[in-house]
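Q: Got a structure here, written out as structure tokens. Questions coming.
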Amino acid sequence: MNQLLTDKHAVIYGGGGSIGAGVARTFAREGAHVHLVGRSAEPLRRLADELGRAADVAVLDAFDETAVQEHLKSLPRLDVSFNLVSRGDVQGRPLHELSVEEVMAPLQGMRSTLITARAAARRMLEQGAGVILWLTSGSAVGAAPGMGGTGPADAATDNYMRQLARENGRAPRLQEVADAAAFLASDLASGTTGTILNVTAGLVSER
């Protein structure tokens with residue numbers, strides 16, 4: 001059976017959380033070696049025990065730039081970087097009821113996203129390849145009541161990642177376009193609909 005991520009090295013920041021653990025299990029199932037990163041050792045080690053030789057653990061703070069860089073240096077290579085660290089979003093109340101600190105919390109929480117993405121970009125540029133993934137609520141493209149500072153933080157994250165991609169983009173290869181089409185035609189893309197897939201290798205980074 002063909003695996004999507006055979007021999008890839010994937011770092012998952014926030015790997016001890018529910019989303020991080022789910023991603024780690026899927027990556028490992030698809031042949032990747034998963035490097036689980038987080039501040040709490042126990043959930044990371046439980047997951048690593050479950051995944052066996054497909055995973056290892058690094059206990060560090062993704063808000064610590066030096067620690068992130070040193071960890072990446074210790075890896076044989078870096079194919080995928082995925083930051084799923086909580087930003088401390090405060091939700092469920094109108095903006096006018098939130099303090100400035102509560103609105104700013106997710107924006108300040110973006111620090112780990114910036115640190116891990118730029119560290120990954122540097123390593124991947126040396127290798128000539130790599131994938132940086134990020135996850136937001138989608139609040140950047142539309143207002144929703146009770147989301148607090150999540151929308152501004154999502155917008156800032158999206159813009160940062162698009163700019164990072166544009167600065168390091170290139171013309172896409174025909175095979176990459178064909179591979180993307182095959183993905184969209186497969187069951188793996190069953191949750192993707194009504195959207196535009198950007199397959200410009202970062203050359204075009206607008207929405």
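A note on labels: chains of the structure tokens are A, B, ... as shown, every chain counts residues from 1, and ligands are counted from 1 in their shown order.
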According to DSSP computed on the backbone, where in chain A is there strand (DSSP E)? Give the residues as a ChimeraX atom specification.
A: /A:9-13,33-38,55-59,80-83,131-134
Q: Next, the residues of the selection above should be written as a PDB file, in the first residue's frame with N, CA and C atoms.
A:
```pdb
ATOM      1  N   HIS A   9      10.032  13.489   7.780  1.00  0.00           N
ATOM      2  CA  HIS A   9      10.194  13.876   9.180  1.00  0.00           C
ATOM      3  C   HIS A   9       9.276  15.067   9.447  1.00  0.00           C
ATOM      4  N   ALA A  10       8.311  14.875  10.340  1.00  0.00           N
ATOM      5  CA  ALA A  10       7.302  15.898  10.620  1.00  0.00           C
ATOM      6  C   ALA A  10       7.366  16.312  12.084  1.00  0.00           C
ATOM      7  N   VAL A  11       7.492  17.602  12.318  1.00  0.00           N
ATOM      8  CA  VAL A  11       7.463  18.145  13.674  1.00  0.00           C
ATOM      9  C   VAL A  11       6.061  18.687  13.945  1.00  0.00           C
ATOM     10  N   ILE A  12       5.470  18.246  15.043  1.00  0.00           N
ATOM     11  CA  ILE A  12       4.143  18.722  15.433  1.00  0.00           C
ATOM     12  C   ILE A  12       4.263  19.423  16.775  1.00  0.00           C
ATOM     13  N   TYR A  13       4.140  20.745  16.755  1.00  0.00           N
ATOM     14  CA  TYR A  13       4.166  21.522  17.991  1.00  0.00           C
ATOM     15  C   TYR A  13       2.769  21.494  18.595  1.00  0.00           C
ATOM     16  N   HIS A  33       7.948   9.855  10.170  1.00  0.00           N
ATOM     17  CA  HIS A  33       8.485   9.828  11.527  1.00  0.00           C
ATOM     18  C   HIS A  33       8.049  11.140  12.172  1.00  0.00           C
ATOM     19  N   VAL A  34       7.341  11.048  13.282  1.00  0.00           N
ATOM     20  CA  VAL A  34       6.722  12.211  13.912  1.00  0.00           C
ATOM     21  C   VAL A  34       7.526  12.638  15.131  1.00  0.00           C
ATOM     22  N   HIS A  35       7.892  13.912  15.136  1.00  0.00           N
ATOM     23  CA  HIS A  35       8.598  14.501  16.279  1.00  0.00           C
ATOM     24  C   HIS A  35       7.583  15.311  17.074  1.00  0.00           C
ATOM     25  N   LEU A  36       7.179  14.787  18.206  1.00  0.00           N
ATOM     26  CA  LEU A  36       6.145  15.413  19.039  1.00  0.00           C
ATOM     27  C   LEU A  36       6.779  16.431  19.969  1.00  0.00           C
ATOM     28  N   VAL A  37       6.295  17.664  19.916  1.00  0.00           N
ATOM     29  CA  VAL A  37       6.871  18.746  20.712  1.00  0.00           C
ATOM     30  C   VAL A  37       5.792  19.388  21.572  1.00  0.00           C
ATOM     31  N   GLY A  38       6.133  19.665  22.827  1.00  0.00           N
ATOM     32  CA  GLY A  38       5.199  20.337  23.724  1.00  0.00           C
ATOM     33  C   GLY A  38       5.855  20.622  25.052  1.00  0.00           C
ATOM     34  N   ALA A  55       7.681   7.656  16.340  1.00  0.00           N
ATOM     35  CA  ALA A  55       7.605   8.945  17.028  1.00  0.00           C
ATOM     36  C   ALA A  55       8.699   9.101  18.065  1.00  0.00           C
ATOM     37  N   ASP A  56       9.051  10.353  18.322  1.00  0.00           N
ATOM     38  CA  ASP A  56       9.895  10.692  19.463  1.00  0.00           C
ATOM     39  C   ASP A  56       9.371  11.980  20.088  1.00  0.00           C
ATOM     40  N   VAL A  57       9.927  12.338  21.239  1.00  0.00           N
ATOM     41  CA  VAL A  57       9.388  13.436  22.040  1.00  0.00           C
ATOM     42  C   VAL A  57      10.463  14.470  22.332  1.00  0.00           C
ATOM     43  N   ALA A  58      10.081  15.738  22.257  1.00  0.00           N
ATOM     44  CA  ALA A  58      10.940  16.837  22.707  1.00  0.00           C
ATOM     45  C   ALA A  58      10.096  17.742  23.588  1.00  0.00           C
ATOM     46  N   VAL A  59      10.503  17.885  24.834  1.00  0.00           N
ATOM     47  CA  VAL A  59       9.779  18.751  25.763  1.00  0.00           C
ATOM     48  C   VAL A  59      10.435  20.125  25.735  1.00  0.00           C
ATOM     49  N   VAL A  80       8.106  18.491   7.300  1.00  0.00           N
ATOM     50  CA  VAL A  80       6.823  19.102   7.640  1.00  0.00           C
ATOM     51  C   VAL A  80       6.929  19.762   9.013  1.00  0.00           C
ATOM     52  N   SER A  81       6.447  20.991   9.113  1.00  0.00           N
ATOM     53  CA  SER A  81       6.346  21.687  10.401  1.00  0.00           C
ATOM     54  C   SER A  81       4.898  22.112  10.580  1.00  0.00           C
ATOM     55  N   PHE A  82       4.289  21.697  11.683  1.00  0.00           N
ATOM     56  CA  PHE A  82       2.868  21.991  11.928  1.00  0.00           C
ATOM     57  C   PHE A  82       2.723  22.514  13.350  1.00  0.00           C
ATOM     58  N   ASN A  83       2.344  23.790  13.492  1.00  0.00           N
ATOM     59  CA  ASN A  83       2.175  24.392  14.804  1.00  0.00           C
ATOM     60  C   ASN A  83       0.709  24.328  15.222  1.00  0.00           C
ATOM     61  N   VAL A 131       7.367  21.606   3.930  1.00  0.00           N
ATOM     62  CA  VAL A 131       5.988  22.079   4.030  1.00  0.00           C
ATOM     63  C   VAL A 131       5.764  22.660   5.425  1.00  0.00           C
ATOM     64  N   ILE A 132       5.230  23.886   5.467  1.00  0.00           N
ATOM     65  CA  ILE A 132       4.837  24.513   6.727  1.00  0.00           C
ATOM     66  C   ILE A 132       3.317  24.593   6.744  1.00  0.00           C
ATOM     67  N   LEU A 133       2.712  23.960   7.734  1.00  0.00           N
ATOM     68  CA  LEU A 133       1.258  23.943   7.860  1.00  0.00           C
ATOM     69  C   LEU A 133       0.827  24.811   9.032  1.00  0.00           C
ATOM     70  N   TRP A 134      -0.368  25.412   8.912  1.00  0.00           N
ATOM     71  CA  TRP A 134      -0.932  26.133  10.039  1.00  0.00           C
ATOM     72  C   TRP A 134      -2.432  25.945  10.037  1.00  0.00           C
TER      73      TRP A 134
END
```
Q: Within 12 Å of Ala180 (chain A), counting only C-alpha atoms, which residues qualify if same-chain residues fewer than 6 places away don't, as a list in words?
A: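 Using only C-alpha atoms, the neighbours found are Pro172, Arg173, Leu174, Ser186, Leu188, Ala189, Ile196, Leu197, Asn198, Val199, Thr200 and Ala201 of chain A.
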Q: Please write the residues from the selection above to a file, keeping N, CA and C atoms, as a PDB file, in the first residue's frame.
A:
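Now in result.pdb:
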```
ATOM      1  N   PRO A 172       5.364  26.831 -10.280  1.00  0.00           N
ATOM      2  CA  PRO A 172       5.006  25.427 -10.037  1.00  0.00           C
ATOM      3  C   PRO A 172       5.386  24.548 -11.225  1.00  0.00           C
ATOM      4  N   ARG A 173       5.639  23.279 -10.926  1.00  0.00           N
ATOM      5  CA  ARG A 173       5.919  22.296 -11.979  1.00  0.00           C
ATOM      6  C   ARG A 173       4.623  21.620 -12.396  1.00  0.00           C
ATOM      7  N   LEU A 174       4.572  21.175 -13.640  1.00  0.00           N
ATOM      8  CA  LEU A 174       3.375  20.528 -14.164  1.00  0.00           C
ATOM      9  C   LEU A 174       2.979  19.337 -13.301  1.00  0.00           C
ATOM     10  N   SER A 186      -9.458  12.488  -5.095  1.00  0.00           N
ATOM     11  CA  SER A 186      -9.441  11.312  -4.224  1.00  0.00           C
ATOM     12  C   SER A 186     -10.331  11.503  -3.006  1.00  0.00           C
ATOM     13  N   LEU A 188      -9.314  11.479  -0.077  1.00  0.00           N
ATOM     14  CA  LEU A 188      -8.591  12.262   0.918  1.00  0.00           C
ATOM     15  C   LEU A 188      -9.058  13.710   0.935  1.00  0.00           C
ATOM     16  N   ALA A 189      -9.614  14.190  -0.163  1.00  0.00           N
ATOM     17  CA  ALA A 189     -10.082  15.569  -0.246  1.00  0.00           C
ATOM     18  C   ALA A 189     -11.586  15.672  -0.043  1.00  0.00           C
ATOM     19  N   ILE A 196     -10.906  27.354  -3.608  1.00  0.00           N
ATOM     20  CA  ILE A 196      -9.870  27.422  -4.632  1.00  0.00           C
ATOM     21  C   ILE A 196      -8.573  26.894  -4.032  1.00  0.00           C
ATOM     22  N   LEU A 197      -7.957  25.946  -4.699  1.00  0.00           N
ATOM     23  CA  LEU A 197      -6.690  25.400  -4.233  1.00  0.00           C
ATOM     24  C   LEU A 197      -5.551  26.138  -4.924  1.00  0.00           C
ATOM     25  N   ASN A 198      -4.693  26.757  -4.135  1.00  0.00           N
ATOM     26  CA  ASN A 198      -3.562  27.505  -4.668  1.00  0.00           C
ATOM     27  C   ASN A 198      -2.407  26.540  -4.921  1.00  0.00           C
ATOM     28  N   VAL A 199      -2.096  26.293  -6.186  1.00  0.00           N
ATOM     29  CA  VAL A 199      -1.002  25.380  -6.540  1.00  0.00           C
ATOM     30  C   VAL A 199       0.053  26.162  -7.334  1.00  0.00           C
ATOM     31  N   THR A 200       0.424  27.334  -6.790  1.00  0.00           N
ATOM     32  CA  THR A 200       1.402  28.192  -7.488  1.00  0.00           C
ATOM     33  C   THR A 200       2.779  28.131  -6.843  1.00  0.00           C
ATOM     34  N   ALA A 201       2.996  27.201  -5.905  1.00  0.00           N
ATOM     35  CA  ALA A 201       4.282  27.036  -5.230  1.00  0.00           C
ATOM     36  C   ALA A 201       4.722  28.330  -4.545  1.00  0.00           C
TER      37      ALA A 201
END
```
Q: Nearest to Glu167 (chain A) among A:Arg29, A:Ser137, A:Ala121, A:Glu126, with distances taken over only C-alpha atoms: which residue is it?
A: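 Among the listed residues, the smallest separation from Glu167 (chain A) belongs to A:Ala121.
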Q: Can you pull out the residues contacting Val100 (chain A)? Cut-off 12 Å, using only C-alpha atoms, and skip same-chain residues under 6 positions away; I want them as a PDB file with N, CA and C atoms, in the first residue's frame.
A:
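Once written, result_6.pdb looks like this:
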```pdb
ATOM      1  N   VAL A  90      -9.656  34.021  23.943  1.00  0.00           N
ATOM      2  CA  VAL A  90     -10.780  34.203  24.860  1.00  0.00           C
ATOM      3  C   VAL A  90     -12.020  34.441  24.012  1.00  0.00           C
ATOM      4  N   PRO A 106      -4.653  36.146  21.807  1.00  0.00           N
ATOM      5  CA  PRO A 106      -4.290  35.311  20.670  1.00  0.00           C
ATOM      6  C   PRO A 106      -3.259  35.955  19.748  1.00  0.00           C
ATOM      7  N   LEU A 107      -3.241  37.299  19.694  1.00  0.00           N
ATOM      8  CA  LEU A 107      -2.222  37.967  18.893  1.00  0.00           C
ATOM      9  C   LEU A 107      -0.842  37.762  19.502  1.00  0.00           C
ATOM     10  N   GLN A 108      -0.771  37.851  20.815  1.00  0.00           N
ATOM     11  CA  GLN A 108       0.496  37.575  21.492  1.00  0.00           C
ATOM     12  C   GLN A 108       0.839  36.097  21.402  1.00  0.00           C
ATOM     13  N   GLY A 148     -13.922  37.140  19.856  1.00  0.00           N
ATOM     14  CA  GLY A 148     -12.869  37.888  20.537  1.00  0.00           C
ATOM     15  C   GLY A 148     -11.726  38.264  19.609  1.00  0.00           C
ATOM     16  N   GLY A 149     -10.504  38.063  20.071  1.00  0.00           N
ATOM     17  CA  GLY A 149      -9.326  38.392  19.274  1.00  0.00           C
ATOM     18  C   GLY A 149      -8.943  37.320  18.275  1.00  0.00           C
TER      19      GLY A 149
END
```
Q: Identify which of the residues A:Leu135, A:Leu47, A:Met147, A:Val68 lies closest to His96 (chain A), counting only C-alpha atoms when measuring atom-to-atom distances.
A: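 Once distances to His96 (chain A) are computed over only C-alpha atoms, the minimum belongs to A:Met147.
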Q: Find the residue from A:Ile115, A:Gln127, A:Leu98, A:Ala41 that sits nearest to Pro76 (chain A); use only C-alpha atoms when measuring.
A: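 Checking each of A:Ile115, A:Gln127, A:Leu98, A:Ala41 against Pro76 (chain A), counting only C-alpha atoms, the winner is A:Gln127.
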Q: Counting only C-alpha atoms, which of A:Met124, A:Ala105, A:Ala119, A:Ala185 gets nearest to Gly151 (chain A)?
A: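 Closest candidate: A:Ala105.
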